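Trainee: Following this line is start_32.cif, made up of mmCIF, C-alpha atoms:
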```cif
data_work
#
loop_
_atom_site.label_atom_id
_atom_site.label_comp_id
_atom_site.auth_asym_id
_atom_site.auth_seq_id
_atom_site.Cartn_x
_atom_site.Cartn_y
_atom_site.Cartn_z
CA MET A 1 6.53 21.07 18.05
CA THR A 2 9.72 19.90 16.43
CA VAL A 3 13.15 21.40 16.74
CA THR A 4 15.80 21.14 14.06
CA ALA A 5 19.22 22.68 13.77
CA ALA A 6 21.12 24.05 10.82
CA THR A 7 24.21 26.08 10.23
CA ARG A 8 24.02 29.83 10.58
CA PRO A 9 26.57 32.33 11.92
CA THR A 10 25.97 33.11 15.58
CA ALA A 11 27.44 36.62 15.31
CA PRO A 12 24.13 38.33 16.06
CA ALA A 13 23.59 37.01 19.56
CA GLU A 14 20.29 35.74 20.87
CA ARG A 15 17.64 38.42 20.96
CA VAL A 16 15.06 38.32 23.71
CA ALA A 17 12.37 40.70 24.79
CA SER A 18 14.00 43.68 26.42
CA THR A 19 12.81 45.01 29.79
CA THR A 20 14.91 48.18 29.52
CA THR A 21 13.24 49.78 26.51
CA LEU A 22 12.18 53.43 26.76
CA THR A 23 9.33 55.04 24.84
CA GLY A 24 7.62 58.39 24.58
CA ARG A 25 8.69 61.23 26.85
CA TRP A 26 11.03 59.03 28.88
CA LEU A 27 12.95 58.17 25.71
CA ALA A 28 13.26 61.83 24.66
CA ALA A 29 14.33 62.90 28.17
CA ALA A 30 16.91 60.10 28.38
CA ARG A 31 18.42 61.03 25.02
CA VAL A 32 18.67 64.71 25.93
CA ALA A 33 20.23 63.87 29.30
CA TRP A 34 22.72 61.53 27.61
CA VAL A 35 23.81 64.21 25.12
CA ILE A 36 24.27 66.78 27.90
CA VAL A 37 26.33 64.43 30.07
CA PHE A 38 28.35 63.20 27.08
CA VAL A 39 29.23 66.73 25.97
CA GLY A 40 30.02 67.68 29.56
CA GLN A 41 32.41 64.76 29.94
CA LEU A 42 34.28 65.59 26.75
CA SER A 43 34.41 69.27 27.74
CA SER A 44 35.86 68.33 31.13
CA PHE A 45 38.45 66.19 29.36
CA ALA A 46 39.46 68.98 26.96
CA LEU A 47 39.71 71.56 29.75
CA GLY A 48 41.77 69.18 31.87
CA LEU A 49 44.43 68.48 29.23
CA PRO A 50 46.66 71.46 30.14
CA GLU A 51 46.68 70.39 33.79
CA HIS A 52 47.47 66.80 32.81
CA PHE A 53 50.31 67.97 30.57
CA TYR A 54 51.77 70.22 33.26
CA SER A 55 51.71 67.45 35.90
CA LEU A 56 53.83 65.18 33.68
CA SER A 57 56.20 67.78 32.29
CA HIS A 58 57.28 69.06 35.72
CA ALA A 59 58.88 66.75 38.27
CA CYS A 60 58.62 67.53 41.97
CA SER A 61 60.27 66.46 45.21
CA GLY A 62 57.03 65.50 46.96
CA VAL A 63 53.94 63.56 45.91
CA CYS A 64 53.07 64.00 42.22
CA ARG A 65 52.84 62.12 38.93
CA LEU A 66 56.63 61.99 38.51
CA THR A 67 59.10 62.73 41.27
CA GLU A 68 62.57 63.99 40.50
CA GLN A 69 64.01 60.55 41.24
CA GLN A 70 61.52 58.82 38.92
CA ALA A 71 62.08 61.36 36.14
CA ALA A 72 65.88 61.11 36.28
CA PRO A 73 66.11 57.89 34.16
CA LEU A 74 64.12 59.56 31.36
CA ILE A 75 66.47 62.53 31.34
CA ARG A 76 69.51 60.22 31.29
CA MET A 77 68.02 58.47 28.26
CA GLY A 78 67.73 61.80 26.47
CA VAL A 79 63.93 61.98 26.77
CA SER A 80 62.78 65.30 28.15
CA LEU A 81 59.79 65.51 30.46
CA THR A 82 58.06 67.68 27.86
CA ALA A 83 58.38 64.92 25.25
CA TYR A 84 57.15 62.35 27.78
CA ALA A 85 54.15 64.55 28.60
CA TRP A 86 53.30 64.88 24.89
CA ILE A 87 53.45 61.10 24.47
CA SER A 88 51.12 60.61 27.42
CA LEU A 89 48.78 63.34 26.17
CA ALA A 90 48.57 61.76 22.71
CA LEU A 91 47.91 58.33 24.21
CA VAL A 92 45.19 59.65 26.49
CA SER A 93 43.55 61.54 23.63
CA VAL A 94 43.42 58.42 21.46
CA ILE A 95 41.91 56.41 24.34
CA ILE A 96 39.18 58.98 24.99
CA LEU A 97 38.41 59.34 21.27
CA ILE A 98 38.03 55.56 20.88
CA SER A 99 35.84 55.36 23.98
CA ALA A 100 33.71 58.27 22.73
CA ALA A 101 33.36 56.60 19.32
CA LEU A 102 32.16 53.36 20.95
CA ALA A 103 29.68 55.33 23.05
CA LEU A 104 28.34 57.12 19.97
CA ILE A 105 27.92 53.81 18.14
CA LEU A 106 25.83 52.47 21.03
CA PHE A 107 23.77 55.68 21.15
CA ARG A 108 23.20 55.60 17.39
CA ARG A 109 22.10 51.96 17.34
CA ARG A 110 20.24 51.46 20.63
CA SER A 111 19.48 54.77 22.30
CA HIS A 112 15.99 53.44 23.11
CA ASP A 113 17.52 51.09 25.71
CA TRP A 114 18.37 52.82 29.00
CA MET A 115 20.83 50.08 29.96
CA VAL A 116 22.76 50.76 26.75
CA LEU A 117 22.73 54.50 27.52
CA LEU A 118 24.12 53.76 30.98
CA VAL A 119 26.93 51.66 29.53
CA SER A 120 27.74 54.26 26.86
CA VAL A 121 28.15 56.97 29.52
CA PHE A 122 30.43 54.62 31.43
CA LEU A 123 32.57 54.01 28.32
CA VAL A 124 33.64 57.65 28.30
CA ALA A 125 33.61 58.42 32.01
CA TYR A 126 35.68 55.44 33.13
CA PRO A 127 38.93 56.10 31.22
CA MET A 128 38.73 59.79 32.13
CA SER A 129 38.46 59.13 35.85
CA ASN A 130 40.85 56.18 35.78
CA ILE A 131 43.71 58.17 34.26
CA ALA A 132 42.70 61.44 35.94
CA THR A 133 42.29 63.69 32.90
CA GLY A 134 39.20 65.62 33.97
CA ALA A 135 39.42 69.32 34.78
CA SER A 136 39.87 69.99 38.49
CA GLY A 137 38.62 73.56 38.22
CA ALA A 138 41.68 75.16 39.79
CA ALA A 139 42.36 77.43 36.79
CA LEU A 140 38.82 77.70 35.40
CA PRO A 141 36.15 80.37 35.83
CA VAL A 142 33.77 79.70 38.72
CA ILE A 143 30.72 79.30 36.49
CA VAL A 144 32.50 76.72 34.31
CA THR A 145 33.62 74.80 37.37
CA ILE A 146 30.07 74.72 38.75
CA ILE A 147 28.63 73.50 35.44
CA LEU A 148 31.23 70.72 35.16
CA GLN A 149 30.63 69.61 38.75
CA VAL A 150 26.87 69.49 38.17
CA LEU A 151 27.34 67.37 35.04
CA ILE A 152 29.53 64.93 36.98
CA VAL A 153 26.82 64.28 39.60
CA PRO A 154 24.80 61.76 37.50
CA VAL A 155 27.97 60.04 36.29
CA ILE A 156 29.15 59.02 39.77
CA PRO A 157 26.04 56.97 40.71
CA ALA A 158 26.11 55.53 37.18
CA TYR A 159 29.34 53.73 38.08
CA CYS A 160 27.61 52.00 40.97
CA ALA A 161 24.39 51.34 39.05
CA LEU A 162 26.23 49.65 36.21
CA LEU A 163 27.84 47.12 38.55
CA TRP A 164 24.49 46.45 40.20
CA LEU A 165 22.28 46.22 37.09
CA PHE A 166 24.49 44.89 34.29
CA PRO A 167 23.57 43.23 31.95
CA ASN A 168 19.74 43.05 32.10
CA GLY A 169 18.85 46.14 34.14
CA ARG A 170 17.34 44.22 37.06
CA PHE A 171 18.38 44.03 40.70
CA ALA A 172 19.54 40.58 41.80
CA PRO A 173 18.57 40.01 44.55
CA ARG A 174 15.72 42.51 44.50
CA TRP A 175 16.65 44.15 47.81
CA SER A 176 20.13 45.05 46.51
CA TRP A 177 18.78 48.48 45.47
CA ILE A 178 19.27 49.47 49.12
CA LEU A 179 23.00 48.85 48.79
CA LEU A 180 23.05 50.82 45.53
CA VAL A 181 21.53 53.86 47.25
CA PHE A 182 24.07 53.62 50.08
CA TRP A 183 27.11 53.29 47.81
CA GLY A 184 25.82 55.95 45.41
CA ILE A 185 25.61 58.48 48.26
CA TRP A 186 29.06 57.37 49.46
CA ALA A 187 30.56 57.93 46.01
CA VAL A 188 29.06 61.42 45.64
CA ILE A 189 30.23 62.47 49.12
CA ALA A 190 33.74 61.14 48.51
CA ASN A 191 33.96 63.09 45.24
CA TYR A 192 32.99 66.47 46.69
CA LEU A 193 34.82 66.47 50.03
CA SER A 194 38.27 67.96 50.50
CA ASP A 195 41.23 66.04 49.14
CA VAL A 196 42.32 64.62 52.52
CA LEU A 197 38.84 63.52 53.58
CA SER A 198 38.03 62.23 50.08
CA GLU A 199 41.15 60.07 49.94
CA SER A 200 40.43 58.69 53.42
CA ILE A 201 36.82 57.80 52.59
CA VAL A 202 37.78 56.22 49.26
CA PHE A 203 40.65 54.28 50.83
CA ILE A 204 38.39 52.87 53.56
CA GLY A 205 35.24 52.30 51.53
CA LEU A 206 36.50 51.26 48.10
CA PRO A 207 37.51 47.67 49.05
CA PHE A 208 34.08 47.08 50.62
CA PHE A 209 32.35 48.58 47.59
CA VAL A 210 34.27 46.33 45.19
CA MET A 211 33.62 43.25 47.35
CA THR A 212 29.90 44.06 47.48
CA ALA A 213 29.72 44.44 43.70
CA ILE A 214 31.60 41.17 43.14
CA VAL A 215 29.37 39.22 45.53
CA LEU A 216 26.23 40.55 43.85
CA GLN A 217 27.57 39.73 40.38
CA ILE A 218 28.42 36.20 41.50
CA TYR A 219 24.89 35.81 42.83
CA ARG A 220 23.48 37.14 39.56
CA TYR A 221 25.70 34.83 37.53
CA ARG A 222 24.68 31.72 39.49
CA HIS A 223 21.00 32.38 40.14
CA ALA A 224 19.57 35.10 37.89
CA SER A 225 21.24 34.92 34.48
CA THR A 226 20.54 33.27 31.15
CA PRO A 227 23.41 31.65 29.19
CA ALA A 228 23.83 34.74 27.01
CA GLN A 229 23.85 37.05 30.02
CA ARG A 230 26.54 34.93 31.63
CA GLN A 231 28.69 35.39 28.56
CA GLN A 232 28.12 39.14 28.76
CA MET A 233 29.23 39.10 32.39
CA LYS A 234 32.37 37.15 31.47
CA TRP A 235 33.36 39.85 28.97
CA ALA A 236 32.80 42.60 31.53
CA PHE A 237 34.66 40.69 34.23
CA ALA A 238 37.60 40.07 31.88
CA GLY A 239 37.95 43.79 31.24
CA LEU A 240 37.60 44.57 34.95
CA VAL A 241 40.31 42.10 35.95
CA THR A 242 42.64 43.39 33.24
CA THR A 243 42.32 46.99 34.39
CA LEU A 244 42.60 46.07 38.07
CA VAL A 245 45.83 44.16 37.41
CA ALA A 246 47.21 47.07 35.38
CA SER A 247 46.27 49.55 38.12
CA MET A 248 48.55 47.69 40.53
CA TYR A 249 51.63 48.89 38.65
CA TRP A 250 52.60 51.02 41.67
CA VAL A 251 52.81 48.00 44.06
CA PRO A 252 56.45 47.09 43.21
CA LEU A 253 57.47 50.59 44.29
CA ALA A 254 56.87 49.57 47.91
CA PHE A 255 58.96 46.39 47.72
CA ILE A 256 61.56 46.78 44.96
CA PRO A 257 63.96 49.72 44.50
CA VAL A 258 62.76 50.72 41.01
CA ASN A 259 62.31 54.47 41.55
CA ASP A 260 65.60 55.22 39.81
CA THR A 261 64.73 53.13 36.73
CA LEU A 262 62.48 53.47 33.70
CA TYR A 263 59.89 51.19 35.33
CA LEU A 264 57.43 53.84 36.52
CA PRO A 265 57.40 56.06 33.37
CA ILE A 266 56.87 53.04 31.12
CA ALA A 267 54.42 51.34 33.49
CA TYR A 268 52.31 54.50 33.69
CA LEU A 269 51.99 54.69 29.90
CA LEU A 270 51.03 51.02 29.71
CA TYR A 271 48.51 51.57 32.50
CA GLN A 272 46.92 54.35 30.48
CA LEU A 273 46.71 52.10 27.43
CA VAL A 274 45.18 49.19 29.35
CA ALA A 275 42.45 51.54 30.63
CA LEU A 276 40.86 51.04 27.19
CA ALA A 277 40.26 47.34 27.90
CA LEU A 278 37.17 47.90 30.06
CA PRO A 279 35.30 50.11 27.55
CA ILE A 280 36.03 47.60 24.77
CA THR A 281 34.86 44.56 26.75
CA PHE A 282 31.70 46.32 27.93
CA PHE A 283 31.01 47.40 24.34
CA ILE A 284 31.30 43.81 23.12
CA ALA A 285 29.14 42.57 25.98
CA ILE A 286 26.31 45.06 25.54
CA GLN A 287 26.34 44.56 21.77
CA ARG A 288 25.97 40.80 22.36
CA HIS A 289 28.34 40.12 19.46
CA ARG A 290 30.56 37.01 19.39
CA LEU A 291 29.93 36.45 23.08
CA TYR A 292 31.19 32.89 23.22
CA GLU A 293 34.68 33.86 22.08
CA ILE A 294 35.37 35.00 25.64
CA ASP A 295 35.57 31.35 26.70
CA THR A 296 38.49 30.82 24.34
CA ILE A 297 40.21 34.00 25.56
CA ILE A 298 39.82 33.02 29.22
CA ASN A 299 40.98 29.48 28.47
CA ARG A 300 44.12 30.66 26.70
CA THR A 301 44.84 33.22 29.42
CA LEU A 302 44.60 30.61 32.17
CA VAL A 303 46.71 28.10 30.28
CA TYR A 304 49.52 30.34 29.05
CA GLY A 305 49.52 32.46 32.20
CA SER A 306 49.98 29.34 34.32
CA VAL A 307 52.63 27.98 31.95
CA THR A 308 54.54 31.27 32.08
CA LEU A 309 54.52 31.37 35.88
CA VAL A 310 55.60 27.74 36.25
CA LEU A 311 58.35 28.01 33.65
CA ALA A 312 59.64 31.26 35.15
CA ALA A 313 59.87 29.62 38.57
CA VAL A 314 61.56 26.54 37.07
CA TYR A 315 63.99 28.72 35.11
CA VAL A 316 65.08 30.70 38.15
CA GLY A 317 65.29 27.53 40.25
CA CYS A 318 67.41 25.77 37.63
CA ILE A 319 69.86 28.65 37.38
CA VAL A 320 70.28 28.84 41.14
CA ALA A 321 70.55 25.05 41.55
CA PHE A 322 72.94 24.49 38.62
CA GLN A 323 75.19 27.33 39.73
CA ALA A 324 75.31 25.95 43.27
CA ILE A 325 76.12 22.48 41.97
CA SER A 326 78.77 23.64 39.50
CA ARG A 327 80.51 25.86 42.04
CA THR A 328 80.51 23.08 44.62
CA LEU A 329 81.64 20.17 42.45
CA LEU A 330 83.49 21.95 39.63
CA PRO A 331 84.53 25.41 40.80
CA VAL A 332 85.35 27.72 37.90
CA PRO A 333 87.16 31.00 38.63
CA GLY A 334 85.59 34.26 37.50
CA ARG A 335 82.06 32.78 37.22
CA ALA A 336 82.78 31.47 33.74
CA ASP A 337 80.16 28.79 34.29
CA GLU A 338 77.22 31.25 34.11
CA PRO A 339 76.73 31.07 30.28
CA ILE A 340 76.70 27.26 30.43
CA VAL A 341 74.14 27.27 33.26
CA ILE A 342 71.89 29.71 31.36
CA VAL A 343 72.07 27.63 28.17
CA ILE A 344 71.23 24.39 30.02
CA SER A 345 68.33 26.06 31.85
CA THR A 346 66.98 27.52 28.60
CA LEU A 347 67.11 24.14 26.83
CA LEU A 348 65.34 22.52 29.76
CA ILE A 349 62.57 25.14 29.65
CA ALA A 350 62.15 24.63 25.90
CA ALA A 351 61.84 20.87 26.42
CA LEU A 352 59.26 21.31 29.20
CA PHE A 353 57.05 23.83 27.40
CA GLN A 354 54.81 21.56 25.29
CA PRO A 355 54.32 18.75 27.88
CA LEU A 356 53.57 21.31 30.57
CA ARG A 357 51.17 23.22 28.33
CA ARG A 358 49.23 20.06 27.45
CA ARG A 359 48.98 19.01 31.09
CA ILE A 360 47.81 22.44 32.25
CA GLN A 361 45.34 22.57 29.35
CA ARG A 362 43.76 19.33 30.52
CA VAL A 363 43.58 20.57 34.10
CA VAL A 364 41.98 23.88 33.07
CA ASP A 365 39.45 22.16 30.82
CA ARG A 366 38.46 19.67 33.52
CA ARG A 367 38.20 22.36 36.19
CA PHE A 368 36.61 25.29 34.33
CA TYR A 369 35.09 23.75 31.17
CA ARG A 370 33.61 20.57 32.53
CA THR A 371 30.65 20.69 30.15
CA ARG A 372 32.98 19.74 27.30
CA TYR A 373 33.59 16.41 29.00
CA ASP A 374 30.14 15.81 30.45
CA ALA A 375 27.58 16.86 27.85
CA ARG A 376 25.05 14.34 29.18
CA LYS A 377 24.69 16.15 32.52
CA ALA A 378 24.29 19.48 30.75
CA VAL A 379 21.47 18.06 28.62
CA GLU A 380 19.80 16.52 31.70
CA ALA A 381 19.97 19.85 33.51
CA PHE A 382 18.41 21.53 30.49
CA GLY A 383 15.62 18.94 30.47
CA THR A 384 14.89 19.64 34.12
CA ALA A 385 14.74 23.38 33.53
CA LEU A 386 12.59 22.86 30.43
CA ARG A 387 9.78 21.37 32.52
CA GLN A 388 9.38 24.73 34.26
CA GLU A 389 9.90 26.94 31.20
CA VAL A 390 6.86 28.26 29.33
CA ASP A 391 8.29 31.27 27.50
CA ILE A 392 9.35 30.37 23.96
CA SER A 393 12.05 33.09 23.83
CA SER A 394 13.70 31.86 27.04
CA PHE A 395 13.41 28.27 25.83
CA SER A 396 15.15 29.12 22.55
CA GLU A 397 17.92 31.01 24.32
CA GLN A 398 18.56 28.21 26.84
CA LEU A 399 18.57 25.54 24.13
CA LEU A 400 21.06 27.45 22.00
CA GLY A 401 23.18 28.09 25.09
CA VAL A 402 23.34 24.38 25.99
CA VAL A 403 24.26 23.39 22.45
CA GLN A 404 26.90 26.12 22.27
CA GLN A 405 28.46 25.15 25.63
CA THR A 406 28.46 21.39 25.11
CA MET A 407 29.26 21.11 21.39
CA GLU A 408 30.75 24.55 20.57
CA PRO A 409 29.72 24.60 16.89
CA ALA A 410 31.10 27.26 14.59
CA HIS A 411 27.57 28.12 13.41
CA LEU A 412 24.20 27.62 15.03
CA SER A 413 20.55 28.39 14.31
CA LEU A 414 17.14 27.14 15.41
CA TRP A 415 13.85 26.42 13.62
CA LEU A 416 10.59 25.85 15.50
CA SER A 417 7.82 24.02 13.62
CA GLU A 418 4.31 24.44 15.02
CA ALA A 419 2.52 22.29 12.48
CA PRO A 420 3.44 19.88 9.65
CA GLY A 421 4.43 21.78 6.57
CA ARG A 422 4.69 25.10 8.38
CA ARG A 423 7.96 26.34 9.86
CA ASN A 424 8.86 29.60 11.50
CA ARG A 425 12.45 30.53 12.02
CA THR A 426 13.41 32.01 15.39
CA PRO A 427 16.34 34.46 15.29
CA SER A 428 19.33 33.07 17.12
#
```
Can you turn what I pasted into structure tokens?

Mentor:
Amino acid sequence: MTVTAATRPTAPAERVASTTTLTGRWLAAARVAWVIVFVGQLSSFALGLPEHFYSLSHACSGVCRLTEQQAAPLIRMGVSLTAYAWISLALVSVIILISAALALILFRRRSHDWMVLLVSVFLVAYPMSNIATGASGAALPVIVTIILQVLIVPVIPAYCALLWLFPNGRFAPRWSWILLVFWGIWAVIANYLSDVLSESIVFIGLPFFVMTAIVLQIYRYRHASTPAQRQQMKWAFAGLVTTLVASMYWVPLAFIPVNDTLYLPIAYLLYQLVALALPITFFIAIQRHRLYEIDTIINRTLVYGSVTLVLAAVYVGCIVAFQAISRTLLPVPGRADEPIVIVISTLLIAALFQPLRRRIQRVVDRRFYRTRYDARKAVEAFGTALRQEVDISSFSEQLLGVVQQTMEPAHLSLWLSEAPGRRNRTPS
């Protein structure tokens, strides 16, 4: 058997035999269940819009979306709470519509795959729960409330299942299904208890749940994933980190006196917008389209994020140091030296930017992208794994993954020749 390479766009990612395909009655039942849950989620969203609007258009003195102190800066700027609520409502509606469109695309293309159906339900349910737009049932008929609550039941365990099974639908390690059952029951109980008990259970259990999911995903990444699956997990993890960072917008409230500023109203709108990151990254991951571009995104994020932090610290340090020096050696009345100090610090930062960026780029590449510098070891590791590999689909996927990681070509394809004069092309 001979292997040759040629140029071909790698946009359609590697296709391997799926273990999550449904057929027959199971396929029909899964599609019907998906449609019911999908319609129920959108109905809950639509019925919850008036409550969401009211919570933002009315400030309160206690615990609510916007307190009177937090709403005061908006009013001083000439922005009424009604206008602010309409802006938030429009933003939320666009987010849910985009998420629903992505879910429908997945259902239209790959509704025979139960893992894809699970992800598509998550695409709609996550932004709704994350920005709290679902109907609470306080002003709805009893029968409507019961129906909505019943439709939510399968969605809650789906959150847990997705973190346990993504991307290939298998438990890794196999006994981790026990943890999924435990956390699924915990999530359902926390959702249906009273507000005080629910908040207490979520506050205590959520950190442990997240830690468990992260540990299992790390195990899957290191011991039970193919190269393409690892890229899928990188996309999902990137979206998860982005939304987690955005959800911490309330942390400065406990340390910095920003309640009487525009920080919270603006931060809340940005938080709503960032909630779309996770559905988009999961959509890209499950579609297996342009998977390897995540490496470039992560690389740039690490480099420019580190550069920004270092330069910000240097900038503040320079201003403080230069002002101390100027006021000690050359005291100027009325703080007239501040513009000069700011200009000098800015010029110093501009001069440091490129050298610092290049140095951090080298550090990041050596630490996180070592295969670029040591392709020989990657090829040797592939040769060792090849001795134990008998499945041609897995062999093709691993070979393409090694070439992509070590050489990073713009285009890649693979031909397998079984006999002289006869060649079969394997999709890549």

Trainee: Of the candidates A:Thr23, A:Leu91, A:Val119, A:Arg357, which shows the shortest atom-to-atom distance to Ile105 in chain A, using all atoms listed in the file?

Mentor: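 Of all the options, A:Val119 lies closest to Ile105 in chain A.
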
Trainee: Please list as a list of chain:residue names every residue within 7 Å of range 229-246 of chain A, counting only C-alpha atoms and excluding residues in the same chain fewer than 5 positions away.

Mentor: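 Selected residues are A:Pro167, A:Tyr221, A:Tyr271, A:Val274, A:Ala275, A:Ala277, A:Leu278, A:Thr281, A:Phe282, A:Ala285, A:Ile286, A:Arg288, A:Leu291, A:Tyr292, A:Ile294.
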
Trainee: How many Å separate CA of Val363 in chain A from CA of Ser225 in chain A?

Mentor: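 Spanning CA of Val363 in chain A to CA of Ser225 in chain A is a straight-line distance of 26.6 Å.
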
Trainee: Work out how far apart CA of Leu162 in chain A and CA of Gln217 in chain A are and give it in Å to one decimal.

Mentor: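 Those two atoms sit 10.8 Å apart.
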
Trainee: Near Val116 in chain A, counting all atoms listed in the file, which residues have an atom at most 9 Å away, once you skip same-chain residues fewer than 6 positions from it, shown as an NGL selection string?

Mentor: :A and (20 or 106-107 or 110 or 286-287)

Trainee: Go ahead and find all residues with at least one atom no further than 12 Å from (53.5, 65.5, 22.4) in the file's coordinates, using all atoms listed in the file; report them as a list of chain:residue names.

Mentor: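 These residues have at least one counted atom within 12 Å: A:Leu49, A:Pro50, A:Phe53, A:Tyr54, A:Leu56, A:Ser57, A:Val79, A:Ser80, A:Leu81, A:Thr82, A:Ala83, A:Tyr84, A:Ala85, A:Trp86, A:Ile87, A:Ser88, A:Leu89, A:Ala90, A:Leu91, A:Val92, A:Ser93.
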
Trainee: Which residue gives the smallest distance to Leu264 in chain A among A:Val32, A:Ile218, A:Leu414, A:Leu74, with only C-alpha atoms counted?

Mentor: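 Result for the nearest residue to Leu264 in chain A: A:Leu74.
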